[in-house]
$ cat protein.txt   # compact mmCIF, C-alpha atoms
# COMPACT_ATOMS: atom_id res chain seq x y z
CA MET V 1 22.09 -39.23 -18.95
CA SER V 2 20.32 -40.74 -21.84
CA SER V 3 17.11 -39.01 -20.74
CA ILE V 4 18.64 -35.58 -21.45
CA LYS V 5 19.70 -36.83 -24.86
CA THR V 6 16.16 -38.08 -25.47
CA LEU V 7 14.78 -34.73 -24.35
CA TYR V 8 17.15 -33.02 -26.73
CA ALA V 9 16.02 -35.28 -29.59
CA GLU V 10 12.35 -34.74 -28.78
CA CYS V 11 12.81 -30.98 -28.43
CA LEU V 12 14.34 -31.03 -31.89
CA LYS V 13 11.00 -32.40 -33.15
CA GLY V 14 9.14 -29.68 -31.25
CA ASN V 15 7.62 -32.08 -28.71
CA ALA V 16 5.87 -29.92 -26.09
CA LYS V 17 6.20 -32.53 -23.37
CA ALA V 18 9.95 -32.77 -23.95
CA GLN V 19 10.20 -28.97 -23.84
CA ARG V 20 8.38 -29.00 -20.52
CA ALA V 21 10.68 -31.73 -19.17
CA LEU V 22 13.78 -29.88 -20.32
CA PHE V 23 12.55 -26.73 -18.61
CA LYS V 24 11.92 -28.69 -15.42
CA ALA V 25 15.41 -30.23 -15.57
CA PHE V 26 17.38 -27.01 -16.01
CA SER V 27 15.26 -24.00 -15.09
CA GLN V 28 16.01 -24.07 -11.35
CA LYS V 29 19.77 -24.17 -11.89
CA MET V 30 19.57 -21.51 -14.61
CA PHE V 31 17.52 -19.30 -12.31
CA THR V 32 20.32 -19.51 -9.74
CA HIS V 33 22.86 -18.33 -12.32
CA CYS V 34 20.53 -15.66 -13.66
CA TYR V 35 19.71 -14.29 -10.24
CA ARG V 36 23.44 -13.93 -9.53
CA TYR V 37 23.59 -11.38 -12.33
CA LEU V 38 20.26 -9.64 -11.97
CA ARG V 39 19.56 -9.83 -8.23
CA ASN V 40 15.87 -9.48 -8.98
CA ARG V 41 13.40 -12.34 -9.04
CA GLU V 42 11.06 -10.95 -11.76
CA ASP V 43 13.92 -9.97 -14.04
CA ALA V 44 15.59 -13.33 -13.55
CA GLU V 45 12.33 -15.11 -14.36
CA ASP V 46 11.83 -13.06 -17.52
CA ALA V 47 15.41 -13.73 -18.57
CA ILE V 48 14.87 -17.47 -18.01
CA ILE V 49 11.68 -17.42 -20.12
CA GLN V 50 13.32 -15.52 -22.96
CA GLY V 51 16.42 -17.70 -22.69
CA PHE V 52 14.46 -20.96 -22.93
CA LEU V 53 12.50 -19.58 -25.86
CA LYS V 54 15.82 -19.12 -27.62
CA VAL V 55 16.90 -22.60 -26.52
CA TYR V 56 13.83 -24.16 -28.18
CA GLN V 57 14.14 -22.00 -31.27
CA ASN V 58 17.86 -22.67 -31.75
CA ILE V 59 18.17 -26.23 -30.51
CA HIS V 60 18.54 -27.46 -34.11
CA LYS V 61 21.79 -25.46 -34.32
CA LEU V 62 23.35 -27.52 -31.53
CA GLU V 63 25.00 -30.87 -32.04
CA TYR V 64 24.50 -32.96 -28.96
CA GLN V 65 27.89 -33.93 -27.50
CA GLY V 66 26.93 -34.67 -23.93
CA GLU V 67 24.86 -33.48 -21.02
CA LYS V 68 27.53 -31.11 -19.69
CA GLU V 69 28.00 -29.47 -23.08
CA PHE V 70 24.26 -29.19 -23.49
CA GLU V 71 23.87 -27.60 -20.08
CA ALA V 72 26.77 -25.22 -20.80
CA TRP V 73 25.07 -24.18 -24.04
CA ILE V 74 21.79 -23.47 -22.22
CA ARG V 75 23.68 -21.61 -19.51
CA LYS V 76 25.45 -19.47 -22.09
CA ILE V 77 22.13 -18.45 -23.60
CA ILE V 78 20.66 -17.66 -20.18
CA VAL V 79 23.70 -15.59 -19.15
CA ASN V 80 23.47 -13.65 -22.42
CA GLU V 81 19.83 -12.95 -21.68
CA ALA V 82 20.73 -11.74 -18.21
CA LEU V 83 23.36 -9.41 -19.68
CA MET V 84 20.80 -8.11 -22.14
CA PHE V 85 18.50 -7.29 -19.23
CA LEU V 86 21.31 -5.43 -17.51
CA ARG V 87 22.09 -3.49 -20.68
CA LYS V 88 18.44 -2.63 -21.17
CA LYS V 89 18.24 -1.30 -17.63
CA ASP V 90 21.55 0.46 -18.12
CA SER V 91 22.46 -0.70 -14.65
CA ILE V 92 26.07 -1.77 -15.35
CA LYS V 93 28.16 1.00 -13.81
CA PHE V 94 31.90 0.61 -13.51
CA TYR V 95 34.22 2.20 -11.05
CA ASP V 96 37.20 4.24 -12.21
CA HIS V 97 39.98 1.76 -12.91
CA SER V 98 42.61 4.07 -11.36
CA GLU V 99 41.22 3.08 -8.00
CA ALA V 100 41.98 -0.55 -8.63
CA GLU V 101 44.56 -2.13 -6.43
CA GLU V 102 45.96 -5.63 -6.33
CA ILE V 103 44.70 -7.87 -3.59
CA HIS V 104 47.25 -8.81 -1.07
CA SER V 105 47.54 -12.50 -0.40
CA MET V 106 45.42 -13.85 2.43
CA ASN V 107 46.20 -16.79 4.63
CA ASP V 108 42.73 -17.15 6.21
CA ASP V 109 40.88 -20.46 6.30
CA PHE V 110 37.52 -20.14 4.51
CA SER V 111 36.47 -23.77 4.87
CA ARG V 112 33.78 -22.81 7.32
CA LEU V 113 32.01 -20.59 4.79
CA CYS V 114 29.05 -22.19 3.08
CA ALA V 115 27.84 -21.78 -0.50
CA GLU V 116 24.96 -19.56 0.58
CA ASP V 117 27.43 -17.12 2.19
CA ILE V 118 29.52 -17.06 -0.97
CA TYR V 119 26.42 -16.48 -3.08
CA ALA V 120 25.29 -13.66 -0.81
CA MET V 121 28.74 -12.01 -1.05
CA ILE V 122 28.61 -11.95 -4.83
CA ALA V 123 25.03 -10.74 -4.82
CA ALA V 124 26.07 -7.89 -2.52
CA LEU V 125 28.59 -6.55 -5.08
CA PRO V 126 27.69 -3.53 -7.23
CA THR V 127 26.35 -4.48 -10.66
CA GLY V 128 29.48 -3.69 -12.66
CA LEU V 129 31.84 -5.59 -10.34
CA ARG V 130 29.40 -8.44 -9.96
CA THR V 131 28.98 -8.82 -13.72
CA ILE V 132 32.70 -8.84 -14.44
CA PHE V 133 33.43 -11.25 -11.57
CA ASN V 134 30.62 -13.57 -12.64
CA LEU V 135 31.76 -13.58 -16.26
CA TYR V 136 35.46 -13.99 -15.54
CA ALA V 137 35.67 -16.05 -12.36
CA ILE V 138 32.48 -18.15 -12.58
CA GLU V 139 31.70 -18.45 -16.30
CA GLY V 140 35.34 -18.46 -17.38
CA TYR V 141 35.28 -15.77 -20.07
CA SER V 142 38.50 -13.93 -20.93
CA HIS V 143 38.85 -10.17 -20.53
CA GLN V 144 38.80 -9.83 -24.30
CA GLU V 145 35.49 -11.70 -24.50
CA ILE V 146 34.03 -9.70 -21.64
CA ALA V 147 35.13 -6.46 -23.26
CA THR V 148 33.34 -7.47 -26.46
CA MET V 149 30.24 -8.69 -24.64
CA LEU V 150 29.82 -5.56 -22.55
CA ASP V 151 31.28 -3.14 -25.09
CA ILE V 152 33.99 -1.93 -22.74
CA GLY V 153 37.77 -1.84 -22.79
CA GLU V 154 39.81 -4.83 -21.62
CA SER V 155 41.55 -2.66 -19.03
CA THR V 156 38.16 -1.74 -17.58
CA SER V 157 37.30 -5.41 -17.34
CA ARG V 158 40.60 -6.13 -15.56
CA SER V 159 40.33 -3.26 -13.11
CA GLN V 160 36.70 -4.13 -12.31
CA LEU V 161 37.74 -7.71 -11.61
CA VAL V 162 40.47 -6.57 -9.22
CA LYS V 163 37.97 -4.36 -7.45
CA ALA V 164 35.47 -7.17 -7.21
CA ARG V 165 38.07 -9.54 -5.77
CA ARG V 166 39.10 -6.93 -3.25
CA ALA V 167 35.55 -6.39 -2.15
CA LEU V 168 34.95 -10.10 -1.88
CA GLN V 169 38.18 -10.57 0.05
CA TYR V 170 37.03 -7.97 2.51
CA GLN V 171 33.69 -9.71 2.87
CA LEU V 172 35.36 -13.10 3.24
CA THR V 173 37.65 -11.92 5.99
CA LYS V 174 34.78 -10.17 7.73
CA ASN V 175 32.55 -13.23 7.54
CA ASN V 176 35.36 -15.58 8.55
CA HIS V 177 36.13 -13.53 11.61
CA SER V 178 32.48 -13.40 12.56
CA HIS V 179 32.26 -17.22 12.22
CA GLU V 180 35.41 -17.60 14.36
CA ALA V 181 33.94 -15.36 16.98
CA MET U 1 45.63 -16.62 -1.05
CA LYS U 2 46.13 -15.76 -4.68
CA PRO U 3 43.41 -14.02 -6.66
CA GLU U 4 42.95 -17.14 -8.81
CA GLU U 5 42.37 -19.13 -5.61
CA ILE U 6 39.58 -16.76 -4.63
CA ASP U 7 38.00 -17.29 -8.04
CA ARG U 8 38.27 -21.06 -7.67
CA LEU U 9 36.81 -20.96 -4.15
CA PHE U 10 33.81 -18.96 -5.30
CA ARG U 11 33.32 -21.07 -8.42
CA ASN U 12 33.45 -24.35 -6.53
CA GLU U 13 31.09 -23.16 -3.81
CA LEU U 14 28.61 -21.78 -6.31
CA GLU U 15 28.56 -25.04 -8.25
CA LYS U 16 27.17 -26.71 -5.15
CA LEU U 17 24.22 -24.36 -5.16
CA ASP U 18 21.13 -25.50 -6.95
CA GLN U 19 18.87 -22.72 -5.83
CA VAL U 20 19.05 -19.11 -4.82
CA PRO U 21 19.23 -18.81 -1.02
CA GLY U 22 16.09 -17.17 0.27
CA VAL U 23 14.44 -16.84 -3.14
CA GLU U 24 11.94 -19.39 -4.38
CA TRP U 25 11.85 -20.36 -7.99
CA ASN U 26 8.29 -20.53 -9.32
CA GLU U 27 8.95 -23.09 -12.00
CA THR U 28 5.27 -23.79 -12.84
CA GLY U 29 4.41 -20.12 -13.16
CA ALA U 30 7.42 -19.48 -15.36
CA TRP U 31 6.53 -22.47 -17.53
CA GLU U 32 2.96 -21.19 -17.96
CA LYS U 33 4.34 -17.86 -19.17
CA LEU U 34 6.81 -19.60 -21.44
CA LYS U 35 4.06 -21.87 -22.80
CA ILE U 36 1.95 -18.84 -23.70
CA GLN U 37 4.93 -17.29 -25.48
CA LEU U 38 5.67 -20.55 -27.25
CA LYS U 39 2.06 -20.86 -28.44
CA GLY U 40 1.88 -17.15 -29.14
CA GLY U 41 5.01 -17.37 -31.21
CA TRP U 42 3.67 -20.19 -33.30
CA SER U 43 0.18 -18.77 -33.59
CA SER U 44 1.47 -15.32 -34.57
CA SER U 45 3.46 -16.86 -37.40
CA MET U 46 0.41 -18.86 -38.37
CA ILE U 47 -1.76 -15.74 -38.18
CA LEU U 48 0.74 -13.93 -40.36
CA THR U 49 0.73 -16.73 -42.93
CA VAL U 50 -3.05 -17.01 -42.93
CA SER U 51 -3.51 -13.25 -43.22
CA ILE U 52 -1.08 -13.10 -46.14
CA ILE U 53 -3.04 -15.86 -47.89
CA VAL U 54 -6.38 -14.17 -47.16
CA ILE U 55 -5.15 -10.75 -48.34
CA THR U 56 -3.77 -12.30 -51.53
CA ALA U 57 -7.05 -14.13 -52.16
CA VAL U 58 -9.13 -10.99 -51.55
CA MET U 59 -6.89 -8.92 -53.84
CA TRP U 60 -7.15 -11.60 -56.49
CA LEU U 61 -10.94 -11.66 -56.18
CA VAL U 62 -11.15 -7.88 -56.38
CA TYR U 63 -8.93 -7.95 -59.43
CA ILE U 64 -11.11 -10.60 -61.09
CA VAL U 65 -14.36 -8.79 -60.23
CA SER U 66 -13.06 -5.43 -61.49
CA ASN U 67 -11.91 -7.04 -64.72
CA HIS U 68 -15.23 -8.80 -65.06
CA LYS U 69 -17.09 -5.51 -64.73
CA ASP U 70 -14.89 -3.78 -67.29
CA ALA U 71 -15.07 -6.59 -69.78
CA PRO U 72 -17.94 -6.72 -72.32
CA ILE U 73 -20.88 -8.91 -71.32
CA PRO U 74 -19.93 -12.39 -72.32
CA GLN U 75 -22.04 -13.67 -75.18
CA ASN U 76 -23.13 -17.09 -74.23
CA HIS U 77 -23.80 -18.67 -77.57
CA HIS U 78 -26.42 -21.02 -76.23
CA THR U 79 -28.38 -18.45 -74.24
CA ALA U 80 -28.12 -15.89 -76.99
CA LYS U 81 -29.47 -18.41 -79.43
CA GLN U 82 -32.21 -19.59 -77.12
CA SER U 83 -33.41 -16.51 -75.37
CA LEU U 84 -33.63 -14.03 -78.21
CA PRO U 85 -35.90 -16.02 -80.50
CA ALA U 86 -37.99 -17.00 -77.51
CA LYS U 87 -38.32 -13.36 -76.62
CA VAL U 88 -39.14 -12.43 -80.18
CA ASP U 89 -41.71 -15.20 -80.37
CA SER U 90 -43.42 -14.13 -77.21
CA ILE U 91 -43.53 -10.53 -78.37
CA ASN U 92 -44.83 -11.58 -81.76
CA LYS U 93 -47.51 -13.75 -80.16
CA LYS U 94 -48.62 -10.91 -77.94
CA GLU U 95 -48.61 -8.57 -80.86
CA GLU U 96 -50.59 -10.99 -82.97
CA LYS U 97 -53.11 -11.59 -80.23
CA LYS U 98 -53.53 -7.89 -79.73
CA ALA U 99 -53.97 -7.21 -83.39
CA VAL U 100 -56.46 -10.06 -83.88
CA HIS U 101 -58.40 -9.03 -80.83
CA SER U 102 -58.66 -5.44 -81.89
CA THR U 103 -59.57 -6.20 -85.48
CA LYS U 104 -62.05 -8.93 -84.54
CA LYS U 105 -63.70 -6.63 -82.10
CA PHE U 106 -63.86 -3.95 -84.68
CA SER U 107 -65.15 -6.39 -87.27
CA LYS U 108 -67.83 -7.77 -84.96
CA VAL U 109 -69.14 -4.36 -84.25
CA ASN U 110 -68.96 -3.02 -87.75
CA ARG U 111 -68.96 -6.32 -89.64
CA LEU U 112 -66.54 -4.80 -91.95
CA PRO U 113 -63.05 -5.74 -92.96
CA VAL U 114 -61.32 -2.81 -91.60
CA LYS U 115 -57.66 -2.68 -91.20
CA GLU U 116 -55.62 0.08 -89.80
CA ILE U 117 -52.13 -0.55 -90.84
CA ASP U 118 -51.06 2.82 -89.72
CA THR U 119 -52.25 2.29 -86.18
CA ILE U 120 -50.67 -1.01 -85.37
CA ALA U 121 -49.46 -0.25 -81.94
CA ILE U 122 -47.23 -2.87 -80.53
CA SER U 123 -46.60 -1.03 -77.39
CA ALA U 124 -48.31 2.00 -76.03
CA THR U 125 -45.31 2.96 -74.05
CA ASP U 126 -41.81 3.16 -75.36
CA THR U 127 -42.92 3.84 -78.87
CA THR U 128 -41.72 6.22 -81.41
CA VAL U 129 -43.07 7.46 -84.66
CA ILE U 130 -41.27 6.30 -87.71
CA PRO U 131 -42.46 7.62 -91.02
CA LEU U 132 -42.81 4.66 -93.34
CA PRO U 133 -41.77 5.29 -96.89
CA GLN U 134 -44.72 5.47 -99.23
CA GLU U 135 -43.26 2.76 -101.45
CA GLU U 136 -43.13 0.35 -98.56
CA LEU U 137 -46.73 1.08 -97.67
CA LYS U 138 -47.82 0.40 -101.23
CA GLU U 139 -45.86 -2.82 -101.14
CA SER U 140 -47.77 -3.80 -98.02
CA ASN U 141 -51.05 -3.20 -99.79
CA LYS U 142 -50.01 -5.45 -102.62
CA ILE U 143 -49.17 -8.22 -100.25
CA ILE U 144 -52.55 -7.98 -98.56
CA THR U 145 -54.52 -8.11 -101.77
CA THR U 146 -52.53 -11.07 -102.99
CA ILE U 147 -53.17 -12.99 -99.81
CA LEU U 148 -56.85 -12.27 -99.92
CA ARG U 149 -57.26 -13.40 -103.48
CA LYS U 150 -55.18 -16.50 -103.12
CA ASP U 151 -56.77 -17.74 -99.90
CA LYS U 152 -60.35 -17.11 -100.68
CA GLY U 153 -60.41 -17.55 -104.38
CA ILE U 154 -63.08 -14.99 -104.49
CA LYS U 155 -63.27 -12.75 -107.36
CA LEU U 156 -63.32 -9.34 -106.13
CA PRO U 157 -64.37 -6.70 -108.53
CA SER U 158 -61.73 -4.44 -107.41
CA VAL U 159 -59.61 -4.69 -104.39
CA LYS U 160 -59.21 -1.06 -104.21
CA SER U 161 -62.88 -0.39 -104.43
CA ASP U 162 -63.83 -3.06 -101.91
CA PHE U 163 -61.01 -2.73 -99.48
CA ASN U 164 -59.47 0.55 -99.58
CA PHE U 165 -56.17 0.17 -97.93
CA GLU U 166 -54.81 3.28 -99.30
CA ILE U 167 -53.27 5.19 -96.61
CA PRO U 168 -53.07 8.91 -96.56
CA GLU U 169 -49.66 10.27 -97.25
CA GLN U 170 -49.43 11.82 -93.83
CA SER U 171 -50.15 8.60 -92.03
CA VAL U 172 -47.52 7.02 -89.94
CA LEU U 173 -46.85 3.52 -88.82
CA ARG U 174 -46.26 3.07 -85.17
CA MET U 175 -43.83 0.34 -84.48
CA LYS U 176 -41.68 -0.31 -81.54
CA VAL U 177 -38.13 0.38 -82.39
CA ASN U 178 -36.40 -2.80 -81.58
CA ASN U 179 -34.95 -5.80 -83.28
CA GLN U 180 -38.43 -7.09 -84.21
CA PHE U 181 -39.07 -4.19 -86.51
CA ASN U 182 -38.82 -5.75 -89.88
CA ILE U 183 -41.07 -6.49 -92.82
CA SER U 184 -41.89 -10.02 -91.62
CA ASN U 185 -43.42 -8.67 -88.46
CA LEU U 186 -45.33 -6.16 -90.46
CA ILE U 187 -46.72 -8.95 -92.62
CA LYS U 188 -47.67 -10.91 -89.52
CA SER U 189 -49.68 -7.96 -88.35
CA ILE U 190 -51.32 -7.65 -91.71
CA GLU U 191 -52.18 -11.35 -91.67
CA ALA U 192 -53.75 -10.88 -88.29
CA GLY U 193 -55.84 -8.18 -89.82
CA LYS U 194 -56.76 -10.53 -92.64
CA ASN U 195 -58.06 -13.07 -90.14
CA ALA U 196 -60.45 -10.46 -88.94
CA GLU U 197 -61.61 -9.90 -92.43
CA ASP U 198 -62.51 -13.59 -92.70
CA ASN U 199 -65.58 -12.80 -90.68
CA PHE U 200 -66.75 -10.75 -93.53
CA TYR U 201 -66.17 -13.50 -96.05
CA TYR U 202 -67.87 -15.96 -93.76
CA TYR U 203 -71.08 -14.14 -94.35
CA TYR U 204 -70.27 -13.90 -97.97
CA GLU U 205 -69.74 -17.66 -98.30
CA TYR U 206 -72.58 -18.68 -96.02
CA ASP U 207 -75.09 -16.84 -98.06
CA LYS U 208 -74.14 -17.04 -101.64
CA ASN U 209 -76.69 -14.46 -102.34
CA PHE U 210 -75.15 -12.11 -99.94
CA ILE U 211 -74.18 -9.06 -101.76
CA PRO U 212 -72.03 -6.74 -99.87
CA PRO U 213 -73.69 -3.44 -99.75
CA PRO U 214 -71.99 -0.70 -101.56
CA PHE U 215 -69.96 1.49 -99.33
CA GLU U 216 -67.25 3.99 -99.38
CA ASN U 217 -64.49 4.64 -97.02
CA THR U 218 -63.43 7.90 -95.69
CA TYR U 219 -60.66 8.79 -93.36
CA LYS U 220 -60.92 10.61 -90.18
CA LYS U 221 -58.60 11.27 -87.36
CA ASN U 222 -59.65 9.72 -84.08
CA ASN U 223 -59.17 11.10 -80.57
CA LEU U 224 -55.59 10.01 -80.54
CA GLY U 225 -54.95 11.77 -83.80
CA LYS U 226 -54.64 8.53 -85.72
CA PRO U 227 -56.30 8.18 -89.08
CA GLN U 228 -59.28 5.85 -88.96
CA ILE U 229 -61.33 4.33 -91.75
CA ILE U 230 -64.95 5.25 -91.66
CA THR U 231 -67.15 3.07 -93.80
CA ASN U 232 -70.34 4.53 -95.06
CA PHE U 233 -72.89 2.21 -96.60
CA ILE U 234 -74.59 3.63 -99.58
CA LYS U 235 -78.26 2.96 -99.36
$ encode --input "protein.txt" --output "structure tokens"
Amino acid sequence: MSSIKTLYAECLKGNAKAQRALFKAFSQKMFTHCYRYLRNREDAEDAIIQGFLKVYQNIHKLEYQGEKEFEAWIRKIIVNEALMFLRKKDSIKFYDHSEAEEIHSMNDDFSRLCAEDIYAMIAALPTGLRTIFNLYAIEGYSHQEIATMLDIGESTSRSQLVKARRALQYQLTKNNHSHEA
Amino acid sequence: MKPEEIDRLFRNELEKLDQVPGVEWNETGAWEKLKIQLKGGWSSSMILTVSIIVITAVMWLVYIVSNHKDAPIPQNHHTAKQSLPAKVDSINKKEEKKAVHSTKKFSKVNRLPVKEIDTIAISATDTTVIPLPQEELKESNKIITTILRKDKGIKLPSVKSDFNFEIPEQSVLRMKVNNQFNISNLIKSIEAGKNAEDNFYYYYEYDKNFIPPPFENTYKKNNLGKPQIITNFIK
């Protein structure tokens, strides 16, 4: 715990070794998050590099409150970088919200599904649905925040989330049945 | 299962994941790229700073040099004081040497005190002809005769009859037009001529019985168009 705090303190001084250690400590995890948005190794790597550059350049703006908060701050920067990549590529396409339907409650047992399956299900979603689901369900942003971040309406964000859930539900049921079989 | 439960399920499962399934994370390669960008970022800012400093310095130098060129040549008091007299002295010495040499040579050959005031050439090149006022020429003659009398204490029957320094009205004095052209330099030249004439008096003093032969001077223009004294001994 204290080592992350030390790394933070050393990074504040611009210590290259501390920067390297910080990168080693968080880059793998951040790559996992980044890849969930971008679904492309090269893009995710570039986003990580640009994100950590911003981390080092703006670390003096952060007041260290704990490892979790520090990690959340890094993660926020990395996610923003990933969104910037998506915007640059203009790959966020949203479905018409009129098609959105509420998900009916499911009573299936998903305990047999592993994390890799879950990750693959999200990665299989179209970019727009995936982005909204990631931001809302995983990162915990509100629809208002998402609307601002992606420059879309709140209703679009809501409808895309419903669609994403529906698609995931379908995948879950499909996978669960295949596991049962 | 409520929609919020789906979200929670996905969130919890994803938190367990530390790496992307089926995709390797090249941490070292990414760090190398990041390191280059980190160094590049710093060095570019340094390059920018250094180039700004260099450009400012160059502009300042150019400004100074251009001002220096436009400004009048600085008068270094010391050098001005030292170099000019030294230059004048060296020119005067050369001039003196030249004049003595020419008059001595002439005197040795002719054994006559001949002086050509009007042909004192300080410099063959870069010369110009300045008509000397007649009054000034007469003044020069007076100076010469005074020097001769005072130094030698020899009674000369008549300066004019013995040493005819009268210069034809059309004669000109060739002097280099520069800051050495003044009456003192003219006198120096005349004194140099006088030294040549000492040869004549040497004979006169050596042999008290020496009687200078009677002669008369005439004027003739030489090849260069300068008036020249021609002494004719009267036998």
$ interface_residues --input "protein.txt" --of "chain U" --to "chain V" --cutoff "12 Å" --atoms "only C-alpha atoms" --output "count of residues only"
42
$ atom_distance --input "protein.txt" --atom1 "CA of Ser66 (chain U)" --atom2 "CA of Ile47 (chain U)"
27.9 Å
$ atom_distance --input "protein.txt" --atom1 "CA of Leu62 (chain V)" --atom2 "CA of Ile77 (chain V)"
12.1 Å
$ atom_distance --input "protein.txt" --atom1 "CA of Arg158 (chain V)" --atom2 "CA of Lys68 (chain V)"
28.5 Å
